[in-house]
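Report on the structure given below.
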Amino acid sequence: MQVIGTAGHVDHGKSALVEAITGIHPDRLKEEREREMTIDLGFAWLTLPGGEEIGIVDVPGHRDFIENMLAGVGGIDAVILVIAADEGVMPQTREHLAILDLLQIQSGLVALTKIDLITDHDWLDLVEDDIRKLLIGTTLENAPIYRVSSKTKDGIPELINGIEQCVRSRPLRINLGKPRLPVDRVFTMPGFGTVVTGTLNNGSFMVGDEIEILPSGKKGRIRGLQTHRKKVETVYPGSRTAINISGVDLGEISRGEMVVKPSTYQPSRLIDVFFRLLPDAGQPLKHDNQVKLFIGSSETLARVRLLGKEKLTQGEEGWLQLETNHPIVAFRGDRFILRRPSPGETIGGGFVVDALPQTRYKRFSLKVLDRLNALAQGAPEDVIQQTVQESGALSFREIIERTNLEEQSALQIINQLIQNGILKALGSLESGSGIQVISAELITTVAYWEYIQKQILDEISKFHQLNPLKLGMPREELRSRIKMNPRIFILAVADLVKNGELVEIKTLLKRKNFSVQFSATQQAKIDALIAKMKTNPFLTPSVKECQNEIGEALYE
């Protein structure tokens, strides 16, 4: 199932067009019907001539409601750009088209509406010429144009056929087994309770599934599912979905939050992104500028950390680390839009490279820029290797979460990288078919594994050198000195003990060839003390006396 959205200037007939092709008026609010102007998202659905059912998201065209438009357009597969024949291209036509291009909506068509108001066909030809010029260089450059009238229904059958061709050209959404539903509407129904709607991505939900609301962390259960007002037991990626949730009250969830399965996604206040500033943006983008971030159905203020440059001028591209005011849930590859808060202006957009960066970066670090380039442009094996390398060690689930790769494909790539000696599975089980990656506690690079093991051995050797009379180094002292991830520390020490490089004596660790060696003088003192004890075994010296005779270090 796919979702198509509308876009275009206010009063160009988007909602009327949706009603003409579906029989459903998308305006839900009393104020919208009274003012005959859409102010919030509307929804409808259509069964195409070939039998496929699609969802339709109708968005407001007025500039005052552009942010409501952004909450709905992020989840669509294709678009109908609506332009009225009597007015032609207008300001919100241009802004909506820029947004569609930034979001990389690759499939769509143009509906030239209100042709019943025009008697001069030459005028229609001129408007079409303007539209063609407007589309040059955008993702909709080759979109077909249909002349239609929602009032007389002229051109509507041809438009519907065009929609069918449009959605057929789009690939089905991938099922990664990690469903997420960006919430674009929340309401309650008597006898049912809380209901949320959105366009489902990345996986399926079933009635009875436990769910989590992010970023709040509220837990609930799916009581019922609907697609286009039909009850279903399972919903699939790309579906316009309504979820009846038990265990979550109406006031505990809002537009912009995400419905997921528990423990599959993690909110963050930092995301690494590739960004393009629009050529007609009002001013350059500078480090530490405040912006509004729109991603999925969410909206939040964010602070720009510009990487590798002092500023971006109009039309330029670059790397940003965005620090948001509130946690958001993002996924590698997600498209986003940035707007200036005041005066309101869409300034650009791009895609997420890392949804869970580990830290705030040094702005001009070549290492950071090389990493971001590898993540953005590299082959899947490069992305996996870079992701693991950056974190030191990750579980298989964490790798899937951070790379946005399909699970089975990632599994094959990781196994190949392990066989090639690039990655290493830690704490994994072996079978006749090879490494069981999913059962591994952690996956790391061979280079990092060798480095940390050398670090452990070097630290213990240094301890032996400074403390030749001590049997070994306390395990906790070692861990605190090298400041290593506790999970990988435990595995690294266990491996070194297993391989015989280290010997474990209760809570102490020592190198395999190390033993306490006494000098002739020290041995003489020890022998003398032992002889004294043997001479009078019932009146042995106290601890303090022993320490005084041979020294505290030797006594230990």
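Simple scheme: letters A, B, ... for chains in structure tokens order, numbers from 1 for residues in each chain, numbers from 1 for ligands in the order shown.
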- Task: Excluding Gly162 (chain A) and residues on its chain fewer than 2 positions from it, collect all residues at most 10 Å away from it, counting only C-alpha atoms, and give them as a list in words.
- Result: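 The residues that qualify are Gly108, Leu109, Val110, Pro144, Ile145, Tyr146, Ile156, Pro157, Glu158, Leu159, Ile160, Glu164, Gln165, Cys166, Val167 and Arg168 of chain A.
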Please, could you write that set of residues out with all heavy atoms as a compact mmCIF listing (two decimals), in the first residue's frame?
```txt
# COMPACT_ATOMS: atom_id res chain seq x y z
N GLY A 108 5.48 11.80 -8.96
CA GLY A 108 4.35 12.71 -8.79
C GLY A 108 3.79 13.19 -10.11
O GLY A 108 4.28 12.82 -11.19
N LEU A 109 2.76 13.98 -10.02
CA LEU A 109 2.13 14.57 -11.20
C LEU A 109 1.56 15.93 -10.82
O LEU A 109 1.46 16.27 -9.65
CB LEU A 109 1.05 13.64 -11.76
CG LEU A 109 0.10 12.95 -10.78
CD1 LEU A 109 -1.00 13.89 -10.36
CD2 LEU A 109 -0.48 11.70 -11.41
N VAL A 110 1.21 16.69 -11.83
CA VAL A 110 0.65 18.03 -11.62
C VAL A 110 -0.80 18.03 -12.04
O VAL A 110 -1.14 17.54 -13.14
CB VAL A 110 1.44 19.09 -12.42
CG1 VAL A 110 0.81 20.47 -12.23
CG2 VAL A 110 2.90 19.10 -12.02
N PRO A 144 3.95 14.43 -15.39
CA PRO A 144 2.91 14.78 -16.36
C PRO A 144 1.95 15.82 -15.77
O PRO A 144 1.77 15.90 -14.56
CB PRO A 144 2.19 13.45 -16.59
CG PRO A 144 2.43 12.65 -15.36
CD PRO A 144 3.79 13.06 -14.86
N ILE A 145 1.34 16.60 -16.64
CA ILE A 145 0.38 17.63 -16.22
C ILE A 145 -1.00 17.24 -16.72
O ILE A 145 -1.18 16.94 -17.91
CB ILE A 145 0.77 19.01 -16.76
CG1 ILE A 145 2.16 19.41 -16.24
CG2 ILE A 145 -0.26 20.07 -16.36
CD1 ILE A 145 2.70 20.70 -16.84
N TYR A 146 -1.98 17.24 -15.82
CA TYR A 146 -3.36 16.90 -16.17
C TYR A 146 -4.24 18.13 -15.95
O TYR A 146 -4.23 18.73 -14.88
CB TYR A 146 -3.86 15.73 -15.31
CG TYR A 146 -3.15 14.43 -15.60
CD1 TYR A 146 -1.97 14.12 -14.93
CD2 TYR A 146 -3.64 13.53 -16.53
CE1 TYR A 146 -1.29 12.94 -15.18
CE2 TYR A 146 -2.97 12.34 -16.80
CZ TYR A 146 -1.80 12.06 -16.12
OH TYR A 146 -1.13 10.88 -16.39
N ILE A 156 -10.87 14.13 -14.63
CA ILE A 156 -10.69 13.36 -13.40
C ILE A 156 -10.35 11.88 -13.70
O ILE A 156 -9.43 11.33 -13.09
CB ILE A 156 -11.92 13.47 -12.49
CG1 ILE A 156 -12.08 14.91 -11.98
CG2 ILE A 156 -11.80 12.50 -11.31
CD1 ILE A 156 -10.93 15.42 -11.14
N PRO A 157 -11.06 11.21 -14.64
CA PRO A 157 -10.68 9.82 -14.94
C PRO A 157 -9.23 9.70 -15.42
O PRO A 157 -8.52 8.76 -15.03
CB PRO A 157 -11.66 9.42 -16.04
CG PRO A 157 -12.85 10.32 -15.84
CD PRO A 157 -12.27 11.61 -15.39
N GLU A 158 -8.81 10.64 -16.26
CA GLU A 158 -7.42 10.61 -16.74
C GLU A 158 -6.44 10.82 -15.59
O GLU A 158 -5.37 10.19 -15.54
CB GLU A 158 -7.20 11.68 -17.81
CG GLU A 158 -7.93 11.44 -19.12
CD GLU A 158 -9.41 11.81 -19.07
OE1 GLU A 158 -9.85 12.40 -18.05
OE2 GLU A 158 -10.13 11.50 -20.04
N LEU A 159 -6.78 11.72 -14.67
CA LEU A 159 -5.93 11.96 -13.51
C LEU A 159 -5.81 10.70 -12.65
O LEU A 159 -4.71 10.36 -12.19
CB LEU A 159 -6.49 13.11 -12.67
CG LEU A 159 -5.73 13.44 -11.38
CD1 LEU A 159 -4.32 13.96 -11.69
CD2 LEU A 159 -6.49 14.46 -10.54
N ILE A 160 -6.91 10.00 -12.44
CA ILE A 160 -6.88 8.76 -11.64
C ILE A 160 -5.98 7.72 -12.30
O ILE A 160 -5.19 7.04 -11.64
CB ILE A 160 -8.31 8.23 -11.42
CG1 ILE A 160 -9.08 9.19 -10.49
CG2 ILE A 160 -8.27 6.82 -10.81
CD1 ILE A 160 -10.55 8.85 -10.35
N GLU A 164 -2.48 6.02 -10.85
CA GLU A 164 -2.17 4.59 -10.85
C GLU A 164 -0.80 4.32 -11.47
O GLU A 164 -0.01 3.55 -10.93
CB GLU A 164 -3.26 3.82 -11.61
CG GLU A 164 -3.05 2.31 -11.56
CD GLU A 164 -4.29 1.56 -12.00
OE1 GLU A 164 -4.87 1.94 -13.04
OE2 GLU A 164 -4.67 0.59 -11.33
N GLN A 165 -0.51 4.97 -12.59
CA GLN A 165 0.80 4.80 -13.22
C GLN A 165 1.91 5.32 -12.30
O GLN A 165 2.99 4.74 -12.23
CB GLN A 165 0.83 5.55 -14.56
CG GLN A 165 -0.10 4.99 -15.62
CD GLN A 165 0.22 3.54 -15.95
OE1 GLN A 165 1.37 3.16 -16.10
NE2 GLN A 165 -0.83 2.73 -16.06
N CYS A 166 1.61 6.39 -11.61
CA CYS A 166 2.59 7.02 -10.73
C CYS A 166 2.98 6.09 -9.58
O CYS A 166 4.17 5.89 -9.31
CB CYS A 166 2.01 8.32 -10.19
SG CYS A 166 3.12 9.26 -9.15
N VAL A 167 1.98 5.51 -8.91
CA VAL A 167 2.29 4.67 -7.75
C VAL A 167 2.87 3.32 -8.17
O VAL A 167 3.64 2.70 -7.43
CB VAL A 167 1.06 4.47 -6.84
CG1 VAL A 167 0.59 5.79 -6.27
CG2 VAL A 167 -0.08 3.76 -7.56
N ARG A 168 2.51 2.86 -9.37
CA ARG A 168 3.07 1.59 -9.85
C ARG A 168 4.58 1.69 -10.06
O ARG A 168 5.29 0.69 -9.99
CB ARG A 168 2.40 1.18 -11.16
CG ARG A 168 1.08 0.46 -10.97
CD ARG A 168 0.51 0.04 -12.31
NE ARG A 168 -0.75 -0.66 -12.17
CZ ARG A 168 -1.52 -1.05 -13.18
NH1 ARG A 168 -1.13 -0.78 -14.43
NH2 ARG A 168 -2.64 -1.69 -12.96
```
- Query: Hey, what's within 6 Å of Asp101 (chain A) if we count only C-alpha atoms and toss same-chain stuff fewer than 3 positions away? As a ChimeraX atom specification, please?
  - Reply: /A:98,104,138-139
- CA of Gly315 (chain A) and CA of Leu278 (chain A), how far apart in Å?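 CA of Gly315 (chain A) lies at a distance of 5.1 Å from CA of Leu278 (chain A).
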- Message: Ranking A:Pro343, A:Gly75, A:Gly256, A:Gly23 by minimum distance to Ile4 (chain A) and counting only C-alpha atoms, which one comes first?
- Response: A:Gly75
- Message: Can you tell me, as a ChimeraX atom specification, which residues in region 92-329 of chain A count as strand (DSSP E) by DSSP?
- Response: /A:107-113,145-147,180-182,185-189,193-199,205-206,210-214,218-227,230-232,234-235,240-246,258-260,268-277,285-286,290-295,298-307,311-312,317-328
- Message: Would you compute the distance between CA of Val89 (chain A) and CA of Ile337 (chain A)? Give it in Å to one decimal.
- Response: 22.1 Å
- Using only C-alpha atoms, determine which residues lie at most 8 Å from Ser150 (chain A), disregarding the query and same-chain residues fewer than 4 positions distant; provide the list as a PyMOL selection string. chain A and resi 13+16-17+20+113-114+154+156
- At what distance in Å, to one decimal, does CA of Asn201 (chain A) lie from CA of Leu181 (chain A)?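 A separation of 6.3 Å between them.
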- Task: Could you pull out the residues in region 96-236 of chain A that DSSP calls alpha helix (DSSP H) from the backbone, as a PyMOL selection string?
- Result: chain A and resi 96-102+121-135+156-168
- Write out as a VMD selection string the residues lying within 10 Å of region 322-334 of chain A, counting only C-alpha atoms and excluding same-chain residues fewer than 5 positions away. chain A and resid 74 103 180 182 214 to 216 256 to 258 265 to 274 288 290 to 293 295 to 296 298 to 306 350 to 356 360 375 to 376 401 to 405
- Item | Residue neighbourhood Asn161 (chain A), 10 Å, only C-alpha atoms, exclusion window fewer than 6 positions, as a list in words |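 My list of contacting residues is Leu48, Pro49 and Gly50 of chain A.
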- Tell me, as a VMD selection string, which residues lie within 8 Å of Gly392 (chain A), counting only C-alpha atoms; anything in the same chain fewer than 2 positions away does not count. chain A and resid 388 to 390 394 444 to 445 448
- Item | Selection near Met1 (chain A), 8 Å with only C-alpha atoms, sequence-local residues under 3 positions removed, as a ChimeraX atom specification | /A:52-55,172,236-239
- Message: When you count only C-alpha atoms, which of these residues is closest to Phe396 (chain A): A:Ile460, A:Val232, A:Val368, A:Ala440?
- Response: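 Answer, going by the shortest atom-to-atom distance: A:Ala440.
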- Identify which of the residues A:Ile400, A:Val148, A:Leu117, A:Ile21 lies closest to Thr47 (chain A), counting only C-alpha atoms when measuring atom-to-atom distances.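 Among the listed residues, A:Ile21 lies closest to Thr47 (chain A).
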- Note on the structure: Using only C-alpha atoms, the best pick from A:Leu539, A:Leu46, A:Ile418, A:Val503 as closest to Ile163 (chain A) would be A:Leu46
